[in-house]
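Enquirer: Dropping in coords-v5.json, which is JSON, C-alpha atoms:
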```
[["chain", "number", "residue", "atom", "x", "y", "z"],
["A", 1, "MET", "CA", 2.00, -11.81, 8.96],
["A", 2, "THR", "CA", 5.68, -10.89, 8.54],
["A", 3, "GLN", "CA", 6.09, -13.87, 6.22],
["A", 4, "LEU", "CA", 3.41, -12.41, 3.94],
["A", 5, "LEU", "CA", 5.50, -9.28, 3.48],
["A", 6, "HIS", "CA", 8.19, -11.38, 1.80],
["A", 7, "GLN", "CA", 5.88, -13.31, -0.50],
["A", 8, "ASN", "CA", 5.46, -12.31, -4.11],
["A", 9, "ILE", "CA", 2.04, -10.72, -4.45],
["A", 10, "LEU", "CA", 1.72, -11.91, -8.05],
["A", 11, "SER", "CA", 1.97, -15.50, -6.88],
["A", 12, "LEU", "CA", -0.64, -14.81, -4.18],
["A", 13, "PHE", "CA", -3.02, -13.67, -6.93],
["A", 14, "GLY", "CA", -2.01, -16.65, -9.06],
["A", 15, "LEU", "CA", -0.64, -14.37, -11.79],
["A", 16, "ILE", "CA", 3.04, -15.29, -11.75],
["A", 17, "ASN", "CA", 2.83, -16.63, -15.32],
["A", 18, "SER", "CA", 0.83, -13.68, -16.69],
["A", 19, "SER", "CA", 2.17, -11.31, -19.32],
["A", 20, "GLN", "CA", 4.52, -8.54, -18.21],
["A", 21, "THR", "CA", 1.87, -5.99, -19.19],
["A", 22, "THR", "CA", -0.67, -7.61, -16.88],
["A", 23, "LYS", "CA", 1.86, -7.81, -14.06],
["A", 24, "ASN", "CA", 2.85, -4.15, -14.49],
["A", 25, "GLU", "CA", -0.79, -3.03, -14.55],
["A", 26, "LEU", "CA", -1.64, -5.03, -11.43],
["A", 27, "MET", "CA", 1.42, -3.78, -9.55],
["A", 28, "GLY", "CA", 0.60, -0.18, -10.48],
["A", 29, "ARG", "CA", -2.93, -0.56, -9.17],
["A", 30, "LEU", "CA", -1.76, -2.28, -5.99],
["A", 31, "ILE", "CA", 0.81, 0.42, -5.27],
["A", 32, "GLU", "CA", -1.86, 3.06, -5.78],
["A", 33, "LEU", "CA", -4.20, 1.19, -3.43],
["A", 34, "VAL", "CA", -1.56, 0.92, -0.71],
["A", 35, "GLU", "CA", -0.70, 4.61, -1.10],
["A", 36, "LYS", "CA", -4.37, 5.57, -0.70],
["A", 37, "ARG", "CA", -4.82, 3.35, 2.35],
["A", 38, "VAL", "CA", -1.70, 4.77, 3.99],
["A", 39, "MET", "CA", -2.81, 8.31, 3.15],
["A", 40, "VAL", "CA", -6.15, 7.74, 4.88],
["A", 41, "LYS", "CA", -4.41, 6.36, 7.97],
["A", 42, "ILE", "CA", -2.02, 9.32, 8.06],
["A", 43, "LEU", "CA", -4.82, 11.87, 7.69],
["A", 44, "ASP", "CA", -6.85, 10.14, 10.41],
["A", 45, "ARG", "CA", -3.96, 10.66, 12.83],
["A", 46, "LEU", "CA", -3.42, 14.34, 12.12],
["A", 47, "ALA", "CA", -5.21, 17.33, 13.60],
["A", 48, "PRO", "CA", -7.18, 19.37, 11.01],
["A", 49, "ASN", "CA", -4.51, 22.07, 10.71],
["A", 50, "LEU", "CA", -1.83, 19.41, 10.12],
["A", 51, "GLN", "CA", -4.06, 17.66, 7.61],
["A", 52, "GLU", "CA", -4.22, 20.88, 5.59],
["A", 53, "GLU", "CA", -0.46, 21.36, 5.84],
["A", 54, "PHE", "CA", 0.20, 17.76, 4.79],
["A", 55, "LEU", "CA", -2.15, 17.99, 1.79],
["A", 56, "ARG", "CA", -0.46, 21.25, 0.75],
["A", 57, "ILE", "CA", 2.98, 19.63, 1.03],
["A", 58, "LEU", "CA", 1.79, 16.64, -1.00],
["A", 59, "GLU", "CA", 0.52, 18.94, -3.71],
["A", 60, "ILE", "CA", 3.38, 21.41, -4.03],
["A", 61, "GLY", "CA", 6.14, 20.29, -1.66],
["A", 62, "THR", "CA", 9.42, 18.61, -2.42],
["A", 63, "ASP", "CA", 10.21, 15.01, -1.49],
["A", 64, "GLU", "CA", 12.43, 16.37, 1.29],
["A", 65, "GLU", "CA", 9.54, 18.42, 2.72],
["A", 66, "LYS", "CA", 7.29, 15.37, 2.64],
["A", 67, "THR", "CA", 9.92, 13.30, 4.43],
["A", 68, "VAL", "CA", 10.53, 15.95, 7.09],
["A", 69, "PHE", "CA", 6.79, 16.32, 7.73],
["A", 70, "LEU", "CA", 6.25, 12.58, 8.04],
["A", 71, "GLN", "CA", 9.25, 12.13, 10.32],
["A", 72, "ALA", "CA", 7.93, 14.87, 12.58],
["A", 73, "HIS", "CA", 4.26, 13.90, 12.64],
["A", 74, "VAL", "CA", 4.04, 10.22, 11.64],
["A", 75, "PRO", "CA", 7.35, 8.65, 12.69],
["A", 76, "ASP", "CA", 5.99, 5.12, 12.24],
["A", 77, "VAL", "CA", 5.00, 5.63, 8.59],
["A", 78, "ALA", "CA", 7.18, 2.67, 7.54],
["A", 79, "ARG", "CA", 5.19, 0.44, 9.90],
["A", 80, "LEU", "CA", 1.95, 1.79, 8.44],
["A", 81, "ILE", "CA", 3.13, 0.95, 4.93],
["A", 82, "ASP", "CA", 4.25, -2.54, 5.96],
["A", 83, "SER", "CA", 0.92, -3.10, 7.68],
["A", 84, "GLU", "CA", -1.06, -2.08, 4.60],
["A", 85, "VAL", "CA", 1.12, -4.21, 2.30],
["A", 86, "ALA", "CA", 0.66, -7.19, 4.61],
["A", 87, "HIS", "CA", -3.10, -6.60, 4.72],
["A", 88, "LEU", "CA", -3.26, -6.41, 0.93],
["A", 89, "LYS", "CA", -1.19, -9.58, 0.58],
["A", 90, "GLN", "CA", -3.45, -11.34, 3.07],
["A", 91, "GLN", "CA", -6.45, -10.35, 0.95],
["A", 92, "ALA", "CA", -4.62, -11.56, -2.17],
["A", 93, "HIS", "CA", -3.81, -14.85, -0.48],
["A", 94, "HIS", "CA", -7.48, -15.40, 0.43],
["A", 95, "PHE", "CA", -8.54, -14.42, -3.09],
["A", 96, "GLY", "CA", -6.05, -16.85, -4.60],
["A", 97, "GLN", "CA", -7.25, -19.67, -2.36],
["A", 98, "ARG", "CA", -10.92, -19.04, -3.21],
["A", 99, "PHE", "CA", -10.15, -18.72, -6.91],
["A", 100, "ALA", "CA", -8.12, -21.95, -6.94],
["A", 101, "ALA", "CA", -10.85, -23.81, -5.06],
["A", 102, "GLN", "CA", -13.56, -22.94, -7.60],
["A", 103, "PRO", "CA", -14.44, -25.64, -10.11],
["A", 104, "ALA", "CA", -13.28, -24.98, -13.65]]
```
As C-alpha coordinates, what does this structure read like?
Expert:
Amino acid sequence: MTQLLHQNILSLFGLINSSQTTKNELMGRLIELVEKRVMVKILDRLAPNLQEEFLRILEIGTDEEKTVFLQAHVPDVARLIDSEVAHLKQQAHHFGQRFAAQPA
(Lines of atoms letter the chains of each structure in order from A and count residues from 1; the text may use other names and numbers.)
(Lines give C-alpha, C1' and ligand atoms only; values in the text may rest on other atoms or scores of the structure.)
Protein backbone atom coordinates (compact mmCIF):
# COMPACT_ATOMS: atom_id res chain seq x y z
CA MET A 1 0.00 0.00 0.00
CA THR A 2 2.88 2.39 0.72
CA GLN A 3 4.00 2.03 -2.89
CA LEU A 4 0.59 3.31 -4.03
CA LEU A 5 1.17 6.55 -2.12
CA HIS A 6 4.12 7.31 -4.39
CA GLN A 7 2.37 6.51 -7.66
CA ASN A 8 0.94 9.26 -9.82
CA ILE A 9 -2.82 9.11 -9.49
CA LEU A 10 -3.31 10.43 -13.03
CA SER A 11 -1.46 7.42 -14.40
CA LEU A 12 -3.59 5.13 -12.23
CA PHE A 13 -6.68 6.61 -13.89
CA GLY A 14 -4.99 6.38 -17.29
CA LEU A 15 -5.14 10.16 -17.73
CA ILE A 16 -1.46 11.05 -17.83
CA ASN A 17 -1.77 12.30 -21.42
CA SER A 18 -4.98 14.29 -20.84
CA SER A 19 -5.17 18.05 -21.15
CA GLN A 20 -3.93 20.16 -18.25
CA THR A 21 -7.50 21.38 -17.70
CA THR A 22 -8.74 17.81 -17.30
CA LYS A 23 -5.87 16.96 -14.96
CA ASN A 24 -6.49 20.06 -12.83
CA GLU A 25 -10.22 19.34 -12.62
CA LEU A 26 -9.64 15.72 -11.63
CA MET A 27 -7.02 16.64 -9.02
CA GLY A 28 -9.34 19.27 -7.53
CA ARG A 29 -12.14 16.74 -7.22
CA LEU A 30 -9.84 14.09 -5.75
CA ILE A 31 -8.44 16.49 -3.16
CA GLU A 32 -11.98 17.46 -2.20
CA LEU A 33 -12.94 13.79 -1.89
CA VAL A 34 -9.95 13.00 0.33
CA GLU A 35 -10.69 16.05 2.50
CA LYS A 36 -14.31 14.92 2.96
CA ARG A 37 -13.29 11.36 3.80
CA VAL A 38 -10.73 12.57 6.34
CA MET A 39 -13.27 14.98 7.82
CA VAL A 40 -15.75 12.14 8.36
CA LYS A 41 -13.08 10.02 10.04
CA ILE A 42 -12.07 12.91 12.30
CA LEU A 43 -15.65 13.67 13.29
CA ASP A 44 -16.32 10.00 14.01
CA ARG A 45 -13.47 10.02 16.53
CA LEU A 46 -14.56 13.13 18.41
CA ALA A 47 -17.07 13.45 21.22
CA PRO A 48 -20.12 15.60 20.31
CA ASN A 49 -18.82 18.69 22.13
CA LEU A 50 -15.47 18.40 20.33
CA GLN A 51 -17.25 17.88 17.02
CA GLU A 52 -19.02 21.21 17.53
CA GLU A 53 -15.77 22.92 18.48
CA PHE A 54 -13.96 21.46 15.47
CA LEU A 55 -16.71 22.52 13.05
CA ARG A 56 -16.65 26.03 14.55
CA ILE A 57 -12.86 26.20 14.15
CA LEU A 58 -13.13 24.99 10.56
CA GLU A 59 -15.68 27.69 9.81
CA ILE A 60 -14.11 30.71 11.50
CA GLY A 61 -10.76 29.62 12.92
CA THR A 62 -7.28 30.33 11.68
CA ASP A 63 -4.99 27.70 10.18
CA GLU A 64 -3.02 27.78 13.44
CA GLU A 65 -6.17 27.05 15.48
CA LYS A 66 -7.02 24.15 13.19
CA THR A 67 -3.51 22.75 13.56
CA VAL A 68 -3.52 23.10 17.34
CA PHE A 69 -6.91 21.40 17.60
CA LEU A 70 -5.88 18.50 15.39
CA GLN A 71 -2.58 18.02 17.20
CA ALA A 72 -4.44 17.88 20.51
CA HIS A 73 -7.36 15.68 19.48
CA VAL A 74 -6.30 13.78 16.34
CA PRO A 75 -2.51 13.45 16.55
CA ASP A 76 -2.44 10.83 13.79
CA VAL A 77 -4.19 13.03 11.22
CA ALA A 78 -1.26 12.62 8.80
CA ARG A 79 -1.74 8.85 8.92
CA LEU A 80 -5.47 9.32 8.27
CA ILE A 81 -4.71 11.44 5.22
CA ASP A 82 -2.14 8.95 3.91
CA SER A 83 -4.62 6.13 4.45
CA GLU A 84 -7.36 7.91 2.51
CA VAL A 85 -4.98 8.84 -0.32
CA ALA A 86 -3.81 5.22 -0.53
CA HIS A 87 -7.41 3.99 -0.53
CA LEU A 88 -8.32 6.42 -3.31
CA LYS A 89 -5.28 5.39 -5.35
CA GLN A 90 -6.17 1.74 -4.86
CA GLN A 91 -9.65 2.47 -6.20
CA ALA A 92 -8.09 4.37 -9.12
CA HIS A 93 -5.77 1.47 -9.83
CA HIS A 94 -8.70 -0.98 -9.95
CA PHE A 95 -10.68 1.43 -12.13
CA GLY A 96 -7.75 1.79 -14.52
CA GLN A 97 -7.32 -1.97 -14.77
CA ARG A 98 -11.04 -2.54 -15.46
CA PHE A 99 -11.14 0.30 -17.98
CA ALA A 100 -8.04 -0.98 -19.81
CA ALA A 101 -9.43 -4.52 -19.91
CA GLN A 102 -12.68 -3.47 -21.61
CA PRO A 103 -12.88 -4.07 -25.36
CA ALA A 104 -12.74 -0.94 -27.48
Enquirer: Leaving out Leu46 (chain A) and any residue of its chain fewer than 5 positions from it, which residues lie within 12 Å of it when counting all atoms listed in the file, given as a ChimeraX atom specification?
Expert: /A:39-41,51-55,69-70,72-74
Enquirer: Using the selection just defined, write its residues with C-alpha atoms as a PDB file, keeping the file's coordinate frame.
Expert:
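Everything below was put into selection-v2.pdb:
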```pdb
ATOM      1  CA  MET A  39      -2.810   8.310   3.150  1.00  0.00           C
ATOM      2  CA  VAL A  40      -6.150   7.740   4.880  1.00  0.00           C
ATOM      3  CA  LYS A  41      -4.410   6.360   7.970  1.00  0.00           C
ATOM      4  CA  GLN A  51      -4.060  17.660   7.610  1.00  0.00           C
ATOM      5  CA  GLU A  52      -4.220  20.880   5.590  1.00  0.00           C
ATOM      6  CA  GLU A  53      -0.460  21.360   5.840  1.00  0.00           C
ATOM      7  CA  PHE A  54       0.200  17.760   4.790  1.00  0.00           C
ATOM      8  CA  LEU A  55      -2.150  17.990   1.790  1.00  0.00           C
ATOM      9  CA  PHE A  69       6.790  16.320   7.730  1.00  0.00           C
ATOM     10  CA  LEU A  70       6.250  12.580   8.040  1.00  0.00           C
ATOM     11  CA  ALA A  72       7.930  14.870  12.580  1.00  0.00           C
ATOM     12  CA  HIS A  73       4.260  13.900  12.640  1.00  0.00           C
ATOM     13  CA  VAL A  74       4.040  10.220  11.640  1.00  0.00           C
TER      14      VAL A  74
END
```
Enquirer: Which value, in Å to one decimal, gives the distance between CA of Glu65 (chain A) and CA of Asn24 (chain A)?
Expert: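 That distance, rounded to one decimal, is 29.2 Å.
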Enquirer: Looking at A:Ser11, A:Gly61, A:Ala78, A:Ala86, which one is nearest to Leu26 (chain A), with distances taken over all atoms listed in the file?
Expert: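 So, comparing all the options, the nearest one is A:Ser11.
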Enquirer: Would you write out, as a tab-separated table, a table of all residues in region 21-43 of chain A that have an atom no more than 12 Å from an atom of region 88-93 of chain A, listing for each the closest atom pair and the distance in Å to one decimal, considering all atoms listed in the file and ordering rows by chain and rising residue number?
Expert:
```
residue	atom	partner	partner_atom	distance
A:Leu26	CA	A:Ala92	CA	11.7
A:Met27	CA	A:Leu88	CA	11.8
A:Arg29	CA	A:Leu88	CA	11.7
A:Leu30	CA	A:Leu88	CA	8.2
A:Ile31	CA	A:Leu88	CA	10.1
A:Glu32	CA	A:Leu88	CA	11.7
A:Leu33	CA	A:Leu88	CA	8.8
A:Val34	CA	A:Leu88	CA	7.7
A:Glu35	CA	A:Leu88	CA	11.5
A:Arg37	CA	A:Leu88	CA	10.0
A:Val38	CA	A:Leu88	CA	11.7
```
Enquirer: Go ahead and compute the interatomic distance for CA of Ile42 (chain A) and CA of Val85 (chain A), in Å to one decimal.
Expert: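 Separating CA of Ile42 (chain A) from CA of Val85 (chain A) is a distance of 15.0 Å.
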Enquirer: From the set A:Leu50, A:Arg56, A:Arg45, A:Asp63, which residue has the shortest atom-to-atom contact distance to Asp76 (chain A), counting only C-alpha atoms?
Expert: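 Nearest to Asp76 (chain A): A:Arg45.
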Enquirer: Just the number, please: distance in Å from CA of Leu12 (chain A) to CA of Arg98 (chain A), one decimal.
Expert: 11.2 Å
Enquirer: Return as JSON the centre and edge lengths, in Å with one decimal, of the box along x, y and z that encloses every atom of region 57-64 of chain A in the file, padded by 4 Å per side.
Expert:
```
{"center_x": 6.5, "center_y": 18.2, "center_z": -1.4, "size_x": 19.9, "size_y": 14.4, "size_z": 13.3}
```
